[in-house]
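S.K.: Attaching a single structure in structure tokens format; questions to follow.
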Amino acid sequence: MSETKFMPGPWHACQDGKCKCKQVWSVPADCPVCVVESGPTGDEYPVIKEIDGKQEARMEIIEYWNIKEETAIANINLIAAAPDLYAALENLINFQIEYESNTGGDKMPGNEYYSLKLTDIIVKVANVLQKARGQS
């Protein structure tokens, strides 16, 4: 596996994403990787309101969206799977490189459509891995 800058995996979602902390943790580093938002989100801004004849400073929010709990849990679990997905994609690329080096660069035998489709998939996987490394 090539060197990466992100926290080492595996990662896990605290209580499979159901914990109210909404954290994803790196197991080897024993620290949080991220916190996932749920509920109303947007920009906060200060306002002065008169309450019982007194002016008070408060924070209000311009709500842009409201992330459902089930969506937040799905996001947490997807993020927690990221290092495993990265490793699986990297294994696919390494398999293709090994196959081509063992066959003198020949593509998969037999079905030309399959070979072209596999080449297209490998290119997309390589692009995704570059994006994950911050190289795209």
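Starting from 1 in every chain, residues are counted up; chains themselves are A, B, ... following the order of the structure tokens, and ligands are numbered from 1 as listed.
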I'd like the neighbourhood of segment 9-18 of chain A as a PyMOL selection string, where a residue qualifies if any of its atoms comes within 7 Å (using only C-alpha atoms), though same-chain residues fewer than 4 positions away should be ignored.
M.R.: chain A and resi 22-28+73+76-77+80-81+83-84
S.K.: DSSP on the backbone, strand (DSSP E) only: what residues of segment 5-114 of chain A does that give? Format it as an MDAnalysis selection string.
M.R.: chainID A and resid 11:13 23:26 31:35 39:51 54:67
S.K.: Kindly export the residues of the current selection with N, CA and C atoms, as an mmCIF file, in the first residue's frame.
M.R.:
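Wrote again33.cif, looks like this:
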```cif
data_model
loop_
_atom_site.group_PDB
_atom_site.id
_atom_site.type_symbol
_atom_site.label_atom_id
_atom_site.label_comp_id
_atom_site.auth_asym_id
_atom_site.auth_seq_id
_atom_site.Cartn_x
_atom_site.Cartn_y
_atom_site.Cartn_z
ATOM 1 N N TRP A 11 -10.946 2.311 10.974
ATOM 2 C CA TRP A 11 -11.718 3.311 11.709
ATOM 3 C C TRP A 11 -13.012 2.653 12.172
ATOM 4 N N HIS A 12 -13.584 3.179 13.230
ATOM 5 C CA HIS A 12 -14.895 2.665 13.643
ATOM 6 C C HIS A 12 -15.796 3.816 14.047
ATOM 7 N N ALA A 13 -17.068 3.625 13.815
ATOM 8 C CA ALA A 13 -18.082 4.597 14.213
ATOM 9 C C ALA A 13 -18.478 4.277 15.645
ATOM 10 N N GLN A 23 -18.972 10.476 16.447
ATOM 11 C CA GLN A 23 -17.545 10.459 16.108
ATOM 12 C C GLN A 23 -17.147 9.189 15.368
ATOM 13 N N VAL A 24 -16.161 9.354 14.495
ATOM 14 C CA VAL A 24 -15.490 8.240 13.842
ATOM 15 C C VAL A 24 -14.065 8.237 14.402
ATOM 16 N N TRP A 25 -13.615 7.072 14.868
ATOM 17 C CA TRP A 25 -12.315 6.950 15.532
ATOM 18 C C TRP A 25 -11.345 6.099 14.721
ATOM 19 N N SER A 26 -10.062 6.483 14.765
ATOM 20 C CA SER A 26 -8.986 5.642 14.248
ATOM 21 C C SER A 26 -8.624 4.668 15.359
ATOM 22 N N CYS A 31 -7.874 7.860 18.508
ATOM 23 C CA CYS A 31 -8.330 9.247 18.570
ATOM 24 C C CYS A 31 -9.383 9.479 17.499
ATOM 25 N N PRO A 32 -10.196 10.527 17.668
ATOM 26 C CA PRO A 32 -11.251 10.780 16.678
ATOM 27 C C PRO A 32 -10.688 11.273 15.357
ATOM 28 N N VAL A 33 -11.331 10.852 14.284
ATOM 29 C CA VAL A 33 -10.993 11.292 12.935
ATOM 30 C C VAL A 33 -11.905 12.447 12.540
ATOM 31 N N CYS A 34 -13.192 12.325 12.871
ATOM 32 C CA CYS A 34 -14.145 13.380 12.526
ATOM 33 C C CYS A 34 -15.405 13.251 13.363
ATOM 34 N N VAL A 35 -16.193 14.307 13.317
ATOM 35 C CA VAL A 35 -17.524 14.331 13.919
ATOM 36 C C VAL A 35 -18.497 14.650 12.797
ATOM 37 N N GLY A 39 -29.107 17.075 12.415
ATOM 38 C CA GLY A 39 -30.016 18.121 12.860
ATOM 39 C C GLY A 39 -29.874 19.366 12.007
ATOM 40 N N PRO A 40 -30.430 20.492 12.512
ATOM 41 C CA PRO A 40 -30.365 21.729 11.735
ATOM 42 C C PRO A 40 -28.942 22.281 11.702
ATOM 43 N N THR A 41 -28.505 22.695 10.522
ATOM 44 C CA THR A 41 -27.176 23.293 10.377
ATOM 45 C C THR A 41 -27.283 24.528 9.501
ATOM 46 N N GLY A 42 -26.348 25.429 9.697
ATOM 47 C CA GLY A 42 -26.338 26.659 8.927
ATOM 48 C C GLY A 42 -25.348 27.635 9.536
ATOM 49 N N ASP A 43 -25.567 28.915 9.296
ATOM 50 C CA ASP A 43 -24.682 29.957 9.810
ATOM 51 C C ASP A 43 -25.304 30.617 11.029
ATOM 52 N N GLU A 44 -24.489 30.783 12.064
ATOM 53 C CA GLU A 44 -24.945 31.501 13.245
ATOM 54 C C GLU A 44 -24.563 32.965 13.120
ATOM 55 N N TYR A 45 -25.387 33.830 13.694
ATOM 56 C CA TYR A 45 -25.089 35.253 13.683
ATOM 57 C C TYR A 45 -25.631 35.872 14.973
ATOM 58 N N PRO A 46 -24.985 36.936 15.464
ATOM 59 C CA PRO A 46 -25.442 37.569 16.710
ATOM 60 C C PRO A 46 -26.603 38.534 16.437
ATOM 61 N N VAL A 47 -27.525 38.581 17.382
ATOM 62 C CA VAL A 47 -28.631 39.534 17.317
ATOM 63 C C VAL A 47 -28.836 40.127 18.716
ATOM 64 N N ILE A 48 -29.402 41.302 18.765
ATOM 65 C CA ILE A 48 -29.765 41.922 20.040
ATOM 66 C C ILE A 48 -31.286 41.926 20.085
ATOM 67 N N LYS A 49 -31.832 41.322 21.134
ATOM 68 C CA LYS A 49 -33.283 41.244 21.288
ATOM 69 C C LYS A 49 -33.676 41.883 22.604
ATOM 70 N N GLU A 50 -34.855 42.441 22.593
ATOM 71 C CA GLU A 50 -35.374 43.001 23.835
ATOM 72 C C GLU A 50 -36.225 41.940 24.504
ATOM 73 N N ILE A 51 -35.840 41.587 25.718
ATOM 74 C CA ILE A 51 -36.553 40.569 26.479
ATOM 75 C C ILE A 51 -36.831 41.157 27.862
ATOM 76 N N LYS A 54 -35.228 44.405 28.655
ATOM 77 C CA LYS A 54 -33.767 44.448 28.640
ATOM 78 C C LYS A 54 -33.274 43.964 27.289
ATOM 79 N N GLN A 55 -32.206 44.549 26.843
ATOM 80 C CA GLN A 55 -31.603 44.086 25.597
ATOM 81 C C GLN A 55 -30.589 42.995 25.914
ATOM 82 N N GLU A 56 -30.702 41.918 25.172
ATOM 83 C CA GLU A 56 -29.800 40.786 25.368
ATOM 84 C C GLU A 56 -29.212 40.362 24.028
ATOM 85 N N ALA A 57 -27.953 39.994 24.080
ATOM 86 C CA ALA A 57 -27.293 39.460 22.886
ATOM 87 C C ALA A 57 -27.574 37.966 22.811
ATOM 88 N N ARG A 58 -27.937 37.522 21.648
ATOM 89 C CA ARG A 58 -28.230 36.102 21.412
ATOM 90 C C ARG A 58 -27.619 35.685 20.077
ATOM 91 N N MET A 59 -27.513 34.392 19.904
ATOM 92 C CA MET A 59 -27.087 33.838 18.618
ATOM 93 C C MET A 59 -28.299 33.181 17.973
ATOM 94 N N GLU A 60 -28.506 33.490 16.700
ATOM 95 C CA GLU A 60 -29.547 32.827 15.929
ATOM 96 C C GLU A 60 -28.883 32.130 14.751
ATOM 97 N N ILE A 61 -29.651 31.283 14.087
ATOM 98 C CA ILE A 61 -29.093 30.504 12.987
ATOM 99 C C ILE A 61 -29.921 30.697 11.724
ATOM 100 N N ILE A 62 -29.232 30.857 10.620
ATOM 101 C CA ILE A 62 -29.878 30.791 9.310
ATOM 102 C C ILE A 62 -29.763 29.327 8.910
ATOM 103 N N GLU A 63 -30.863 28.625 8.969
ATOM 104 C CA GLU A 63 -30.830 27.189 8.707
ATOM 105 C C GLU A 63 -30.837 26.922 7.212
ATOM 106 N N TYR A 64 -29.800 26.187 6.755
ATOM 107 C CA TYR A 64 -29.699 25.823 5.340
ATOM 108 C C TYR A 64 -30.280 24.441 5.077
ATOM 109 N N TRP A 65 -30.103 23.555 6.012
ATOM 110 C CA TRP A 65 -30.639 22.203 5.857
ATOM 111 C C TRP A 65 -30.765 21.565 7.218
ATOM 112 N N ASN A 66 -31.484 20.466 7.253
ATOM 113 C CA ASN A 66 -31.673 19.701 8.471
ATOM 114 C C ASN A 66 -31.320 18.252 8.132
ATOM 115 N N ILE A 67 -30.190 17.797 8.654
ATOM 116 C CA ILE A 67 -29.708 16.450 8.327
ATOM 117 C C ILE A 67 -30.412 15.438 9.221
#
```
S.K.: Looking at only C-alpha atoms, which of A:Ile97, A:Cys19, A:Leu92, A:Ala29 is the one that sits closest to Lys124 of chain A?
M.R.: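 Using only C-alpha atoms, the shortest distance to Lys124 of chain A belongs to A:Leu92.
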S.K.: Set the distance at 9 Å and use only C-alpha atoms: which residues neighbour Leu89 of chain A once local chain neighbours fewer than 2 positions away are removed? I'd like the list as a list in words.
M.R.: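 Answer for this query is Asp84, Leu85, Tyr86, Ala87, Asn91, Leu92, Ile93, Asn94, Ile122, Val125, Ala126, Val128 and Leu129 of chain A.
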S.K.: Write the residues of the selection above to a file with N, CA and C atoms, as a PDB file, in the first residue's frame.
M.R.:
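The file below, again-v5.pdb, is the result:
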```
ATOM      1  N   ASP A  84     -10.875   0.949   4.739  1.00  0.00           N
ATOM      2  CA  ASP A  84     -11.068  -0.391   4.165  1.00  0.00           C
ATOM      3  C   ASP A  84     -11.376  -0.301   2.675  1.00  0.00           C
ATOM      4  N   LEU A  85     -12.206   0.673   2.292  1.00  0.00           N
ATOM      5  CA  LEU A  85     -12.502   0.884   0.872  1.00  0.00           C
ATOM      6  C   LEU A  85     -11.238   1.270   0.115  1.00  0.00           C
ATOM      7  N   TYR A  86     -10.444   2.144   0.707  1.00  0.00           N
ATOM      8  CA  TYR A  86      -9.184   2.573   0.099  1.00  0.00           C
ATOM      9  C   TYR A  86      -8.273   1.362  -0.136  1.00  0.00           C
ATOM     10  N   ALA A  87      -8.125   0.515   0.887  1.00  0.00           N
ATOM     11  CA  ALA A  87      -7.268  -0.661   0.774  1.00  0.00           C
ATOM     12  C   ALA A  87      -7.781  -1.624  -0.295  1.00  0.00           C
ATOM     13  N   ASN A  91      -5.813  -2.714  -3.624  1.00  0.00           N
ATOM     14  CA  ASN A  91      -5.572  -4.122  -3.949  1.00  0.00           C
ATOM     15  C   ASN A  91      -6.000  -4.434  -5.380  1.00  0.00           C
ATOM     16  N   LEU A  92      -7.098  -3.836  -5.826  1.00  0.00           N
ATOM     17  CA  LEU A  92      -7.556  -4.033  -7.204  1.00  0.00           C
ATOM     18  C   LEU A  92      -6.525  -3.506  -8.196  1.00  0.00           C
ATOM     19  N   ILE A  93      -5.998  -2.313  -7.934  1.00  0.00           N
ATOM     20  CA  ILE A  93      -4.968  -1.741  -8.806  1.00  0.00           C
ATOM     21  C   ILE A  93      -3.727  -2.630  -8.804  1.00  0.00           C
ATOM     22  N   ASN A  94      -3.300  -3.060  -7.630  1.00  0.00           N
ATOM     23  CA  ASN A  94      -2.111  -3.923  -7.535  1.00  0.00           C
ATOM     24  C   ASN A  94      -2.313  -5.242  -8.253  1.00  0.00           C
ATOM     25  N   ILE A 122     -10.474   0.318 -13.807  1.00  0.00           N
ATOM     26  CA  ILE A 122      -9.150   0.516 -13.202  1.00  0.00           C
ATOM     27  C   ILE A 122      -8.755   1.990 -13.261  1.00  0.00           C
ATOM     28  N   VAL A 125     -10.783   3.788 -10.624  1.00  0.00           N
ATOM     29  CA  VAL A 125     -10.263   3.455  -9.295  1.00  0.00           C
ATOM     30  C   VAL A 125      -8.967   4.222  -9.023  1.00  0.00           C
ATOM     31  N   ALA A 126      -8.093   4.274 -10.008  1.00  0.00           N
ATOM     32  CA  ALA A 126      -6.839   5.021  -9.846  1.00  0.00           C
ATOM     33  C   ALA A 126      -7.118   6.498  -9.572  1.00  0.00           C
ATOM     34  N   VAL A 128      -9.847   7.747  -8.157  1.00  0.00           N
ATOM     35  CA  VAL A 128     -10.408   7.855  -6.804  1.00  0.00           C
ATOM     36  C   VAL A 128      -9.298   7.783  -5.755  1.00  0.00           C
ATOM     37  N   LEU A 129      -8.337   6.884  -5.964  1.00  0.00           N
ATOM     38  CA  LEU A 129      -7.218   6.776  -5.017  1.00  0.00           C
ATOM     39  C   LEU A 129      -6.399   8.060  -5.006  1.00  0.00           C
TER      40      LEU A 129
END
```
S.K.: Write down as an NGL selection string the residues of segment 23-130 of chain A whose backbone DSSP state falls under alpha helix (DSSP H).
M.R.: :A and (69-80 or 82-102 or 112-130)
S.K.: Next, dump the selected residues to file, keeping only N, CA and C atoms, as a short mmCIF file (atom, residue, chain, number, x, y, z; two decimals), in the first residue's frame.
M.R.:
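As written to disk, again_21.cif reads:
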```
data_model
loop_
_atom_site.label_atom_id
_atom_site.label_comp_id
_atom_site.auth_asym_id
_atom_site.auth_seq_id
_atom_site.Cartn_x
_atom_site.Cartn_y
_atom_site.Cartn_z
N GLU A 69 -31.33 12.07 11.20
CA GLU A 69 -30.51 11.17 12.02
C GLU A 69 -30.07 9.94 11.22
N GLU A 70 -30.98 9.36 10.45
CA GLU A 70 -30.63 8.16 9.67
C GLU A 70 -29.58 8.48 8.61
N THR A 71 -29.62 9.69 8.05
CA THR A 71 -28.61 10.11 7.08
C THR A 71 -27.27 10.29 7.75
N ALA A 72 -27.27 10.90 8.94
CA ALA A 72 -26.03 11.10 9.69
C ALA A 72 -25.39 9.75 10.04
N ILE A 73 -26.19 8.79 10.46
CA ILE A 73 -25.66 7.46 10.80
C ILE A 73 -25.07 6.79 9.56
N ALA A 74 -25.76 6.91 8.42
CA ALA A 74 -25.23 6.34 7.17
C ALA A 74 -23.92 7.01 6.79
N ASN A 75 -23.83 8.34 6.95
CA ASN A 75 -22.58 9.06 6.65
C ASN A 75 -21.45 8.61 7.56
N ILE A 76 -21.75 8.44 8.85
CA ILE A 76 -20.74 7.99 9.81
C ILE A 76 -20.18 6.63 9.41
N ASN A 77 -21.08 5.71 9.07
CA ASN A 77 -20.64 4.36 8.71
C ASN A 77 -19.86 4.34 7.40
N LEU A 78 -20.24 5.18 6.44
CA LEU A 78 -19.48 5.28 5.19
C LEU A 78 -18.08 5.83 5.46
N ILE A 79 -17.99 6.87 6.26
CA ILE A 79 -16.68 7.45 6.60
C ILE A 79 -15.83 6.43 7.34
N ALA A 80 -16.44 5.70 8.28
CA ALA A 80 -15.69 4.69 9.04
C ALA A 80 -15.14 3.59 8.13
N ALA A 82 -14.00 4.09 5.12
CA ALA A 82 -13.08 4.68 4.13
C ALA A 82 -11.71 4.00 4.05
N PRO A 83 -11.01 3.74 5.15
CA PRO A 83 -9.71 3.07 5.01
C PRO A 83 -9.81 1.68 4.40
N ASP A 84 -10.88 0.95 4.74
CA ASP A 84 -11.07 -0.39 4.17
C ASP A 84 -11.38 -0.30 2.68
N LEU A 85 -12.21 0.67 2.29
CA LEU A 85 -12.50 0.88 0.87
C LEU A 85 -11.24 1.27 0.11
N TYR A 86 -10.44 2.14 0.71
CA TYR A 86 -9.18 2.57 0.10
C TYR A 86 -8.27 1.36 -0.14
N ALA A 87 -8.13 0.51 0.89
CA ALA A 87 -7.27 -0.66 0.77
C ALA A 87 -7.78 -1.62 -0.30
N ALA A 88 -9.11 -1.81 -0.36
CA ALA A 88 -9.68 -2.72 -1.37
C ALA A 88 -9.42 -2.19 -2.77
N LEU A 89 -9.58 -0.89 -2.98
CA LEU A 89 -9.32 -0.32 -4.30
C LEU A 89 -7.84 -0.41 -4.66
N GLU A 90 -6.99 -0.18 -3.67
CA GLU A 90 -5.56 -0.29 -3.93
C GLU A 90 -5.17 -1.73 -4.28
N ASN A 91 -5.81 -2.71 -3.62
CA ASN A 91 -5.57 -4.12 -3.95
C ASN A 91 -6.00 -4.43 -5.38
N LEU A 92 -7.10 -3.84 -5.83
CA LEU A 92 -7.56 -4.03 -7.20
C LEU A 92 -6.53 -3.51 -8.20
N ILE A 93 -6.00 -2.31 -7.93
CA ILE A 93 -4.97 -1.74 -8.81
C ILE A 93 -3.73 -2.63 -8.80
N ASN A 94 -3.30 -3.06 -7.63
CA ASN A 94 -2.11 -3.92 -7.54
C ASN A 94 -2.31 -5.24 -8.25
N PHE A 95 -3.53 -5.81 -8.18
CA PHE A 95 -3.83 -7.04 -8.90
C PHE A 95 -3.68 -6.82 -10.40
N GLN A 96 -4.23 -5.70 -10.90
CA GLN A 96 -4.14 -5.41 -12.33
C GLN A 96 -2.68 -5.25 -12.76
N ILE A 97 -1.90 -4.55 -11.96
CA ILE A 97 -0.47 -4.37 -12.29
C ILE A 97 0.25 -5.71 -12.30
N GLU A 98 -0.04 -6.55 -11.30
CA GLU A 98 0.59 -7.87 -11.23
C GLU A 98 0.16 -8.74 -12.41
N TYR A 99 -1.13 -8.70 -12.76
CA TYR A 99 -1.63 -9.49 -13.88
C TYR A 99 -0.93 -9.08 -15.17
N GLU A 100 -0.86 -7.76 -15.41
CA GLU A 100 -0.24 -7.29 -16.65
C GLU A 100 1.25 -7.59 -16.69
N SER A 101 1.93 -7.54 -15.53
CA SER A 101 3.36 -7.85 -15.54
C SER A 101 3.60 -9.35 -15.76
N ASN A 102 2.68 -10.19 -15.31
CA ASN A 102 2.81 -11.64 -15.49
C ASN A 102 2.39 -12.10 -16.88
N GLU A 112 -13.35 -8.97 -25.41
CA GLU A 112 -12.75 -7.63 -25.56
C GLU A 112 -13.56 -6.59 -24.80
N TYR A 113 -14.89 -6.73 -24.79
CA TYR A 113 -15.74 -5.79 -24.04
C TYR A 113 -15.35 -5.81 -22.57
N TYR A 114 -15.17 -7.01 -22.02
CA TYR A 114 -14.80 -7.15 -20.61
C TYR A 114 -13.46 -6.47 -20.34
N SER A 115 -12.50 -6.67 -21.22
CA SER A 115 -11.19 -6.05 -21.05
C SER A 115 -11.27 -4.54 -21.07
N LEU A 116 -12.05 -3.99 -22.00
CA LEU A 116 -12.21 -2.53 -22.07
C LEU A 116 -12.93 -2.00 -20.84
N LYS A 117 -13.95 -2.71 -20.41
CA LYS A 117 -14.70 -2.31 -19.22
C LYS A 117 -13.80 -2.35 -17.98
N LEU A 118 -13.01 -3.40 -17.85
CA LEU A 118 -12.09 -3.52 -16.71
C LEU A 118 -11.06 -2.39 -16.74
N THR A 119 -10.54 -2.06 -17.91
CA THR A 119 -9.58 -0.97 -18.04
C THR A 119 -10.22 0.34 -17.59
N ASP A 120 -11.46 0.57 -18.00
CA ASP A 120 -12.19 1.77 -17.60
C ASP A 120 -12.35 1.81 -16.07
N ILE A 121 -12.71 0.70 -15.47
CA ILE A 121 -12.88 0.62 -14.01
C ILE A 121 -11.55 0.90 -13.31
N ILE A 122 -10.47 0.32 -13.81
CA ILE A 122 -9.15 0.52 -13.20
C ILE A 122 -8.75 1.99 -13.26
N VAL A 123 -9.02 2.66 -14.37
CA VAL A 123 -8.71 4.09 -14.49
C VAL A 123 -9.51 4.89 -13.47
N LYS A 124 -10.81 4.57 -13.32
CA LYS A 124 -11.65 5.27 -12.34
C LYS A 124 -11.16 5.02 -10.92
N VAL A 125 -10.78 3.79 -10.62
CA VAL A 125 -10.26 3.45 -9.30
C VAL A 125 -8.97 4.22 -9.02
N ALA A 126 -8.09 4.27 -10.01
CA ALA A 126 -6.84 5.02 -9.85
C ALA A 126 -7.12 6.50 -9.57
N ASN A 127 -8.10 7.08 -10.26
CA ASN A 127 -8.47 8.47 -10.03
C ASN A 127 -9.03 8.69 -8.63
N VAL A 128 -9.85 7.75 -8.16
CA VAL A 128 -10.41 7.86 -6.80
C VAL A 128 -9.30 7.78 -5.76
N LEU A 129 -8.34 6.88 -5.96
CA LEU A 129 -7.22 6.78 -5.02
C LEU A 129 -6.40 8.06 -5.01
N GLN A 130 -6.17 8.66 -6.18
CA GLN A 130 -5.45 9.94 -6.23
C GLN A 130 -6.22 11.02 -5.49
#
```
S.K.: Could you state the separation of atom CA of Met7 of chain A and atom CA of Ser38 of chain A in Å, given to one decimal place?
M.R.: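 A separation of 23.2 Å between them.
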S.K.: Which residue, A:Lys68, A:Pro8, A:Gly53, A:Gly134, has the smallest gap to Glu37 of chain A when you use only C-alpha atoms?
M.R.: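 Ranking A:Lys68, A:Pro8, A:Gly53, A:Gly134 by distance to Glu37 of chain A, first place goes to A:Lys68.
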